[in-house]
$ cat protein.tsv   # TSV, C-alpha atoms and all ligand atoms
chain	number	residue	atom	x	y	z
A	296	MET	CA	-91.27	76.93	82.01
A	297	THR	CA	-92.16	73.38	81.12
A	298	ILE	CA	-94.40	71.59	83.60
A	299	LYS	CA	-93.02	68.10	84.27
A	300	THR	CA	-94.58	65.13	86.04
A	301	SER	CA	-92.64	62.46	87.90
A	302	PRO	CA	-94.96	59.66	89.06
A	303	SER	CA	-93.56	57.92	92.13
A	304	ILE	CA	-93.34	54.19	91.66
A	305	LEU	CA	-93.61	53.82	95.42
A	306	ALA	CA	-97.36	54.05	94.77
A	307	CYS	CA	-97.50	51.44	92.02
A	308	ASN	CA	-98.57	47.81	92.24
A	309	PHE	CA	-95.21	46.02	92.55
A	310	LEU	CA	-96.76	42.71	91.55
A	311	GLU	CA	-97.31	44.24	88.13
A	312	LEU	CA	-94.27	46.49	87.90
A	313	GLU	CA	-93.79	46.23	84.15
A	314	LYS	CA	-97.46	46.97	83.44
A	315	GLU	CA	-97.35	49.91	85.82
A	316	ILE	CA	-94.28	51.39	84.11
A	317	LYS	CA	-95.96	51.02	80.72
A	318	LYS	CA	-99.07	52.66	82.18
A	319	ALA	CA	-96.95	55.62	83.37
A	320	GLU	CA	-95.41	55.90	79.89
A	321	ALA	CA	-98.76	55.79	78.13
A	322	ALA	CA	-100.10	58.39	80.57
A	323	GLY	CA	-97.49	60.87	79.34
A	324	SER	CA	-95.20	61.03	82.39
A	325	THR	CA	-92.12	63.18	81.91
A	326	MET	CA	-89.99	60.93	84.12
A	327	LEU	CA	-90.26	58.32	86.86
A	328	HIS	CA	-89.56	59.08	90.49
A	329	CYS	CA	-87.73	56.29	92.32
A	330	ASP	CA	-87.72	56.64	96.13
A	331	VAL	CA	-84.75	54.82	97.66
A	332	MET	CA	-85.16	54.48	101.45
A	333	ASP	CA	-82.77	52.75	103.82
A	334	GLY	CA	-84.74	52.58	107.07
A	335	VAL	CA	-82.09	54.78	108.75
A	336	TYR	CA	-82.38	58.20	107.14
A	337	VAL	CA	-86.16	57.69	107.07
A	338	PRO	CA	-88.27	55.24	109.09
A	339	ASN	CA	-89.15	53.11	106.07
A	340	MET	CA	-87.41	50.91	103.50
A	341	SER	CA	-88.21	50.68	99.83
A	342	PHE	CA	-85.98	49.38	97.02
A	343	GLY	CA	-82.53	49.82	95.52
A	344	PHE	CA	-80.34	49.24	92.48
A	345	SER	CA	-81.80	45.94	91.33
A	346	ILE	CA	-85.29	47.39	90.95
A	347	ILE	CA	-84.03	50.63	89.37
A	348	GLY	CA	-81.89	48.60	86.97
A	349	ALA	CA	-84.83	46.37	86.05
A	350	ILE	CA	-87.05	49.37	85.39
A	351	ASN	CA	-84.33	50.89	83.23
A	352	THR	CA	-84.38	47.86	80.94
A	353	ILE	CA	-88.04	48.37	80.03
A	354	THR	CA	-88.41	52.14	79.70
A	355	ASP	CA	-86.79	55.16	78.09
A	356	LEU	CA	-88.34	57.51	80.63
A	357	PRO	CA	-85.66	59.35	82.62
A	358	LEU	CA	-85.24	57.89	86.12
A	359	ASP	CA	-85.38	60.54	88.83
A	360	VAL	CA	-83.82	58.88	91.89
A	361	HIS	CA	-84.61	60.38	95.29
A	362	MET	CA	-82.02	59.14	97.78
A	363	MET	CA	-83.43	58.97	101.31
A	364	THR	CA	-80.40	57.18	102.68
A	365	VAL	CA	-77.39	57.90	104.85
A	366	VAL	CA	-74.11	58.15	102.87
A	367	PRO	CA	-75.80	58.51	99.45
A	368	GLN	CA	-72.39	59.47	98.03
A	369	LYS	CA	-71.30	55.86	98.40
A	370	TYR	CA	-73.74	54.63	95.79
A	371	LEU	CA	-73.38	57.07	92.90
A	372	ALA	CA	-71.46	54.81	90.51
A	373	GLU	CA	-73.91	52.01	91.25
A	374	LEU	CA	-76.85	54.31	90.52
A	375	LYS	CA	-75.29	55.34	87.22
A	376	LYS	CA	-74.82	51.67	86.32
A	377	ALA	CA	-78.45	50.95	87.19
A	378	GLY	CA	-79.59	53.69	84.79
A	379	ALA	CA	-80.34	56.69	86.99
A	380	ASP	CA	-80.60	59.94	85.01
A	381	MET	CA	-80.90	62.26	87.98
A	382	VAL	CA	-79.93	61.84	91.63
A	383	THR	CA	-81.39	63.90	94.47
A	384	VAL	CA	-79.50	64.12	97.75
A	385	HIS	CA	-80.78	65.65	100.99
A	386	CYS	CA	-78.99	68.73	102.34
A	387	ASP	CA	-78.99	67.68	105.99
A	388	ILE	CA	-77.11	64.44	105.46
A	389	MET	CA	-73.58	65.81	105.17
A	390	PRO	CA	-71.51	68.98	105.64
A	391	GLU	CA	-71.68	71.63	102.91
A	392	PHE	CA	-68.27	70.89	101.37
A	393	GLN	CA	-69.12	67.21	101.08
A	394	LEU	CA	-72.52	67.90	99.59
A	395	ALA	CA	-70.89	70.16	96.99
A	396	GLU	CA	-68.42	67.39	96.20
A	397	THR	CA	-71.24	64.84	95.93
A	398	LEU	CA	-73.16	67.04	93.47
A	399	ARG	CA	-70.00	67.47	91.36
A	400	GLU	CA	-69.48	63.72	91.37
A	401	ILE	CA	-73.08	63.06	90.25
A	402	ARG	CA	-72.51	65.37	87.28
A	403	ARG	CA	-69.08	63.95	86.58
A	404	LEU	CA	-70.72	60.55	86.23
A	405	GLY	CA	-73.05	62.03	83.60
A	406	MET	CA	-76.21	62.34	85.67
A	407	LYS	CA	-78.23	65.39	86.66
A	408	ALA	CA	-77.80	66.51	90.24
A	409	ALA	CA	-80.42	67.76	92.68
A	410	VAL	CA	-80.61	68.77	96.34
A	411	SER	CA	-83.59	68.40	98.64
A	412	VAL	CA	-84.82	70.19	101.75
A	413	LYS	CA	-87.05	68.64	104.38
A	414	PRO	CA	-89.97	70.63	105.87
A	415	LYS	CA	-87.97	72.00	108.81
A	416	GLU	CA	-85.06	73.29	106.70
A	417	PRO	CA	-85.22	76.92	105.51
A	418	ALA	CA	-84.97	78.02	101.87
A	419	GLU	CA	-81.46	79.44	102.40
A	420	THR	CA	-80.11	75.92	102.96
A	421	VAL	CA	-80.02	75.29	99.21
A	422	PHE	CA	-78.66	78.66	98.07
A	423	PRO	CA	-74.96	77.68	98.16
A	424	PHE	CA	-75.67	74.75	95.79
A	425	VAL	CA	-77.65	76.46	93.05
A	426	ASP	CA	-74.76	76.42	90.58
A	427	LEU	CA	-74.02	72.77	91.30
A	428	CYS	CA	-77.46	71.38	90.65
A	429	ASP	CA	-80.07	71.03	87.93
A	430	MET	CA	-83.06	70.76	90.23
A	431	ILE	CA	-84.09	71.65	93.77
A	432	LEU	CA	-86.61	69.45	95.58
A	433	ILE	CA	-88.75	70.96	98.31
A	434	MET	CA	-90.41	68.24	100.39
A	435	THR	CA	-94.09	68.93	101.00
A	436	VAL	CA	-94.35	66.04	103.52
A	437	GLU	CA	-91.85	64.53	105.95
A	438	PRO	CA	-89.95	62.03	103.79
A	439	GLY	CA	-90.57	58.33	104.33
A	440	PHE	CA	-94.06	57.44	103.16
A	441	GLY	CA	-96.41	57.93	100.26
A	442	GLY	CA	-100.00	59.03	100.75
A	443	GLN	CA	-99.38	61.78	103.31
A	444	LYS	CA	-101.10	65.15	103.55
A	445	PHE	CA	-99.64	68.04	101.52
A	446	MET	CA	-98.07	70.76	103.70
A	447	ALA	CA	-99.37	74.02	102.25
A	448	ASP	CA	-97.14	75.92	104.68
A	449	MET	CA	-94.15	74.95	102.51
A	450	MET	CA	-95.35	77.28	99.73
A	451	PRO	CA	-93.51	80.40	100.96
A	452	LYS	CA	-90.30	78.34	100.87
A	453	VAL	CA	-90.99	77.24	97.28
A	454	ARG	CA	-91.54	80.91	96.37
A	455	ALA	CA	-88.35	82.03	98.14
A	456	ILE	CA	-86.31	79.44	96.26
A	457	ARG	CA	-87.94	80.28	92.90
A	458	ASP	CA	-87.30	84.01	93.50
A	459	TYR	CA	-83.65	83.30	94.32
A	460	CYS	CA	-83.29	81.14	91.21
A	461	ASN	CA	-84.96	83.77	89.03
A	462	ILE	CA	-81.95	85.94	89.81
A	463	HIS	CA	-79.17	83.34	89.94
A	464	LYS	CA	-80.35	80.51	87.67
A	465	PRO	CA	-83.58	81.22	85.77
A	466	ASP	CA	-83.89	77.79	84.16
A	467	MET	CA	-83.73	75.84	87.45
A	468	ASP	CA	-86.22	73.00	87.78
A	469	ILE	CA	-88.04	73.21	91.10
A	470	GLN	CA	-89.66	70.01	92.27
A	471	VAL	CA	-92.21	69.36	95.00
A	472	ASP	CA	-92.78	65.92	96.52
A	473	GLY	CA	-95.53	64.73	98.82
A	474	GLY	CA	-99.30	64.99	98.73
A	475	ILE	CA	-99.44	66.44	95.22
A	476	GLY	CA	-102.83	65.87	93.57
A	477	GLU	CA	-105.78	67.59	91.89
A	478	GLY	CA	-106.45	69.71	94.96
A	479	THR	CA	-102.89	70.83	95.70
A	480	ILE	CA	-100.91	71.06	92.46
A	481	ALA	CA	-102.07	74.58	91.57
A	482	GLN	CA	-100.84	76.04	94.87
A	483	ALA	CA	-97.41	74.53	94.32
A	484	ALA	CA	-97.25	75.79	90.73
A	485	GLU	CA	-98.33	79.25	91.79
A	486	ALA	CA	-95.49	79.24	94.32
A	487	GLY	CA	-93.04	78.49	91.50
A	488	ALA	CA	-92.72	74.69	91.31
A	489	ASN	CA	-92.60	73.19	87.80
A	490	VAL	CA	-91.74	69.53	88.50
A	491	PHE	CA	-94.29	67.44	90.36
A	492	VAL	CA	-93.73	64.11	92.06
A	493	ILE	CA	-97.11	62.42	92.08
A	494	GLY	CA	-97.53	59.03	93.76
A	495	THR	CA	-100.97	58.15	95.07
A	496	ALA	CA	-102.76	60.63	92.80
A	497	SER	CA	-101.17	59.16	89.65
A	498	PHE	CA	-100.84	55.37	90.01
A	499	GLY	CA	-103.91	55.35	92.27
A	500	ALA	CA	-106.12	57.25	89.82
A	501	PRO	CA	-108.79	55.36	87.87
A	502	ASP	CA	-107.27	56.74	84.64
A	503	MET	CA	-103.63	57.77	85.04
A	504	GLY	CA	-103.47	59.55	81.68
A	505	GLU	CA	-106.54	61.62	82.45
A	506	ALA	CA	-105.19	62.41	85.94
A	507	LEU	CA	-101.80	63.59	84.65
A	508	ARG	CA	-103.36	65.66	81.87
A	509	SER	CA	-105.74	67.34	84.27
A	510	MET	CA	-103.05	68.06	86.86
A	511	THR	CA	-100.60	69.32	84.22
A	512	LYS	CA	-103.25	71.73	82.93
A	513	LYS	CA	-103.94	72.99	86.46
A	514	ALA	CA	-100.19	73.52	87.00
A	515	GLU	CA	-99.76	75.30	83.66
A	516	ASP	CA	-102.63	77.65	84.42
A	517	ALA	CA	-101.37	78.44	87.92
A	518	PHE	CA	-97.58	78.56	87.39
A	519	VAL	CA	-95.89	81.80	88.33
A	520	LYS	CA	-92.20	82.12	87.63
A	601	LIG	C1	-92.09	60.38	100.35
A	601	LIG	C2	-91.58	60.19	98.96
A	601	LIG	C3	-92.54	60.53	97.91
A	601	LIG	C4	-93.82	59.72	97.85
A	601	LIG	C5	-94.89	60.64	97.32
A	601	LIG	O1	-91.02	60.29	101.21
A	601	LIG	O2	-90.41	60.97	98.75
A	601	LIG	O3	-91.91	60.55	96.62
A	601	LIG	O4	-93.72	58.59	97.04
A	601	LIG	O5	-96.11	60.01	97.39
A	601	LIG	P1	-97.50	60.80	97.36
A	601	LIG	O6	-97.59	61.52	96.07
A	601	LIG	O7	-98.50	59.70	97.50
A	601	LIG	O8	-97.51	61.74	98.53
A	602	ZN	ZN	-89.64	61.15	96.71
$ encode --input "protein.tsv" --output "structure tokens"
Amino acid sequence: MTIKTSPSILACNFLELEKEIKKAEAAGSTMLHCDVMDGVYVPNMSFGFSIIGAINTITDLPLDVHMMTVVPQKYLAELKKAGADMVTVHCDIMPEFQLAETLREIRRLGMKAAVSVKPKEPAETVFPFVDLCDMILIMTVEPGFGGQKFMADMMPKVRAIRDYCNIHKPDMDIQVDGGIGEGTIAQAAEAGANVFVIGTASFGAPDMGEALRSMTKKAEDAFVK
């Protein structure tokens, strides 16, 4: 499977947003991870449509929008307008039927759909949604902040979800988010992840291109489907 990187702009220097986006492009990022936080679903706030829309005007990189908000379903049309290519919604935020409907709506609007599980949620939580989504995100930190420590104990969950997808949807993208860097990416790839959100270890690296190349190589060498 293709190894993909999604640098999280939460870790960039917002005073130089345009330069940072260009840096991520030049570094060979596959896409850009945009963390939307509302201060209710998670204990932190970040940014919303205006920033995503502005970023969309200066890059062709796909925008991978991670919604850490209550009622994410309310904002789908707005996200599409802002230029989102993929929208990730958390499983614990609404009942199953509504989550299924939300994923259908994301696709109906022409975006890719993804579901996410927090550290305390078991692998089985996402199984009913496999046909309705293009990617599954397994959080490897509690959502809310960049720069946290990678939770290696999430790896069995990544493996359980990859094993399930190998049977039911072999081309599923499996993303991990939180604490991914030189020292952790191989474990996640070995467990079956192929899409890596990288915040601190990408924008914070002395040479972002070198960092992404090195981490991609480590993931390619370690990946087990
Ligand atoms: C955390 C966010 C992450 C964060 C990752 O809630 O979902 O995307 O930006 O940052 P690092 O890579 O620094 O852990
Ligand atoms: Zn994220």
$ residues_around --input "protein.tsv" --residues "Leu358 of chain A" --least-positions-apart "2" --cutoff "10 Å" --atoms "only C-alpha atoms" --output "number ranges by chain"
A: 301, 325-329, 347-348, 350-351, 354-356, 360-361, 377-382
$ write_last_selection --input "protein.tsv" --atoms "C-alpha atoms" --output "short mmCIF file (atom, residue, chain, number, x, y, z; two decimals), keeping the file's coordinate frame"
data_model
loop_
_atom_site.label_atom_id
_atom_site.label_comp_id
_atom_site.auth_asym_id
_atom_site.auth_seq_id
_atom_site.Cartn_x
_atom_site.Cartn_y
_atom_site.Cartn_z
CA SER A 301 -92.64 62.46 87.90
CA THR A 325 -92.12 63.18 81.91
CA MET A 326 -89.99 60.93 84.12
CA LEU A 327 -90.26 58.32 86.86
CA HIS A 328 -89.56 59.08 90.49
CA CYS A 329 -87.73 56.29 92.32
CA ILE A 347 -84.03 50.63 89.37
CA GLY A 348 -81.89 48.60 86.97
CA ILE A 350 -87.05 49.37 85.39
CA ASN A 351 -84.33 50.89 83.23
CA THR A 354 -88.41 52.14 79.70
CA ASP A 355 -86.79 55.16 78.09
CA LEU A 356 -88.34 57.51 80.63
CA VAL A 360 -83.82 58.88 91.89
CA HIS A 361 -84.61 60.38 95.29
CA ALA A 377 -78.45 50.95 87.19
CA GLY A 378 -79.59 53.69 84.79
CA ALA A 379 -80.34 56.69 86.99
CA ASP A 380 -80.60 59.94 85.01
CA MET A 381 -80.90 62.26 87.98
CA VAL A 382 -79.93 61.84 91.63
#
$ residues_around --input "protein.tsv" --residues "Gly439 of chain A" --least-positions-apart "5" --cutoff "12 Å" --atoms "all atoms listed in the file" --output "count of residues only"
21
$ closest_residue --input "protein.tsv" --among "A:Phe342, A:Phe498, A:Phe392, A:Phe440" --to "ligand ZN 602 (chain A)" --atoms "only C-alpha atoms and all ligand atoms"
A:Phe440
$ residues_near_point --input "protein.tsv" --point "(-93.7, 75.8, 88.9)" --cutoff "12 Å" --atoms "all atoms listed in the file" --output "VMD selection string"
chain A and resid 296 to 300 430 to 433 450 453 to 454 456 to 458 460 to 461 465 to 471 480 to 491 511 to 520
$ closest_residue --input "protein.tsv" --among "A:His385, A:Lys452, A:Leu394, A:Pro357" --to "Pro438 of chain A" --atoms "all atoms listed in the file"
A:His385
$ atom_distance --input "protein.tsv" --atom1 "atom CA of Arg399 of chain A" --atom2 "atom CA of Glu373 of chain A"
15.9 Å
$ atom_distance --input "protein.tsv" --atom1 "atom CA of Thr435 of chain A" --atom2 "atom CA of Ala447 of chain A"
7.4 Å
$ atom_distance --input "protein.tsv" --atom1 "atom CA of Val436 of chain A" --atom2 "atom CA of Val412 of chain A"
10.5 Å
$ closest_residue --input "protein.tsv" --among "A:Pro451, A:Pro367, A:Pro390, A:Gly442" --to "ligand ZN 602 (chain A)" --atoms "all atoms listed in the file"
A:Gly442
$ closest_residue --input "protein.tsv" --among "A:Met389, A:Ala455, A:Leu404, A:Leu398" --to "Pro417 of chain A" --atoms "only C-alpha atoms"
A:Ala455
$ axis_aligned_box --input "protein.tsv" --around "segment 466-474 of chain A" --padding-each-side "3 Å" --output "lines of an AutoDock Vina configuration file"
center_x = -91.5
center_y = 71.3
center_z = 91.5
size_x = 21.6
size_y = 19.1
size_z = 20.7
$ closest_residue --input "protein.tsv" --among "A:Leu427, A:Gln393, A:Thr383, A:Glu313" --to "Thr352 of chain A" --atoms "all atoms listed in the file"
A:Glu313
$ closest_residue --input "protein.tsv" --among "A:Ile401, A:Leu312, A:Val365, A:Val425" --to "Ile462 of chain A" --atoms "all atoms listed in the file"
A:Val425
$ residues_around --input "protein.tsv" --residues "Gly323 of chain A" --least-positions-apart "5" --cutoff "12 Å" --atoms "only C-alpha atoms" --output "list in words"
Ile298, Lys299, Thr300, Ser301, Pro302, Ile316, Lys317, Lys318, Leu356, Ser497, Asp502, Met503, Gly504, Glu505, Ala506, Leu507, Arg508, Ser509, Met510 and Thr511 of chain A
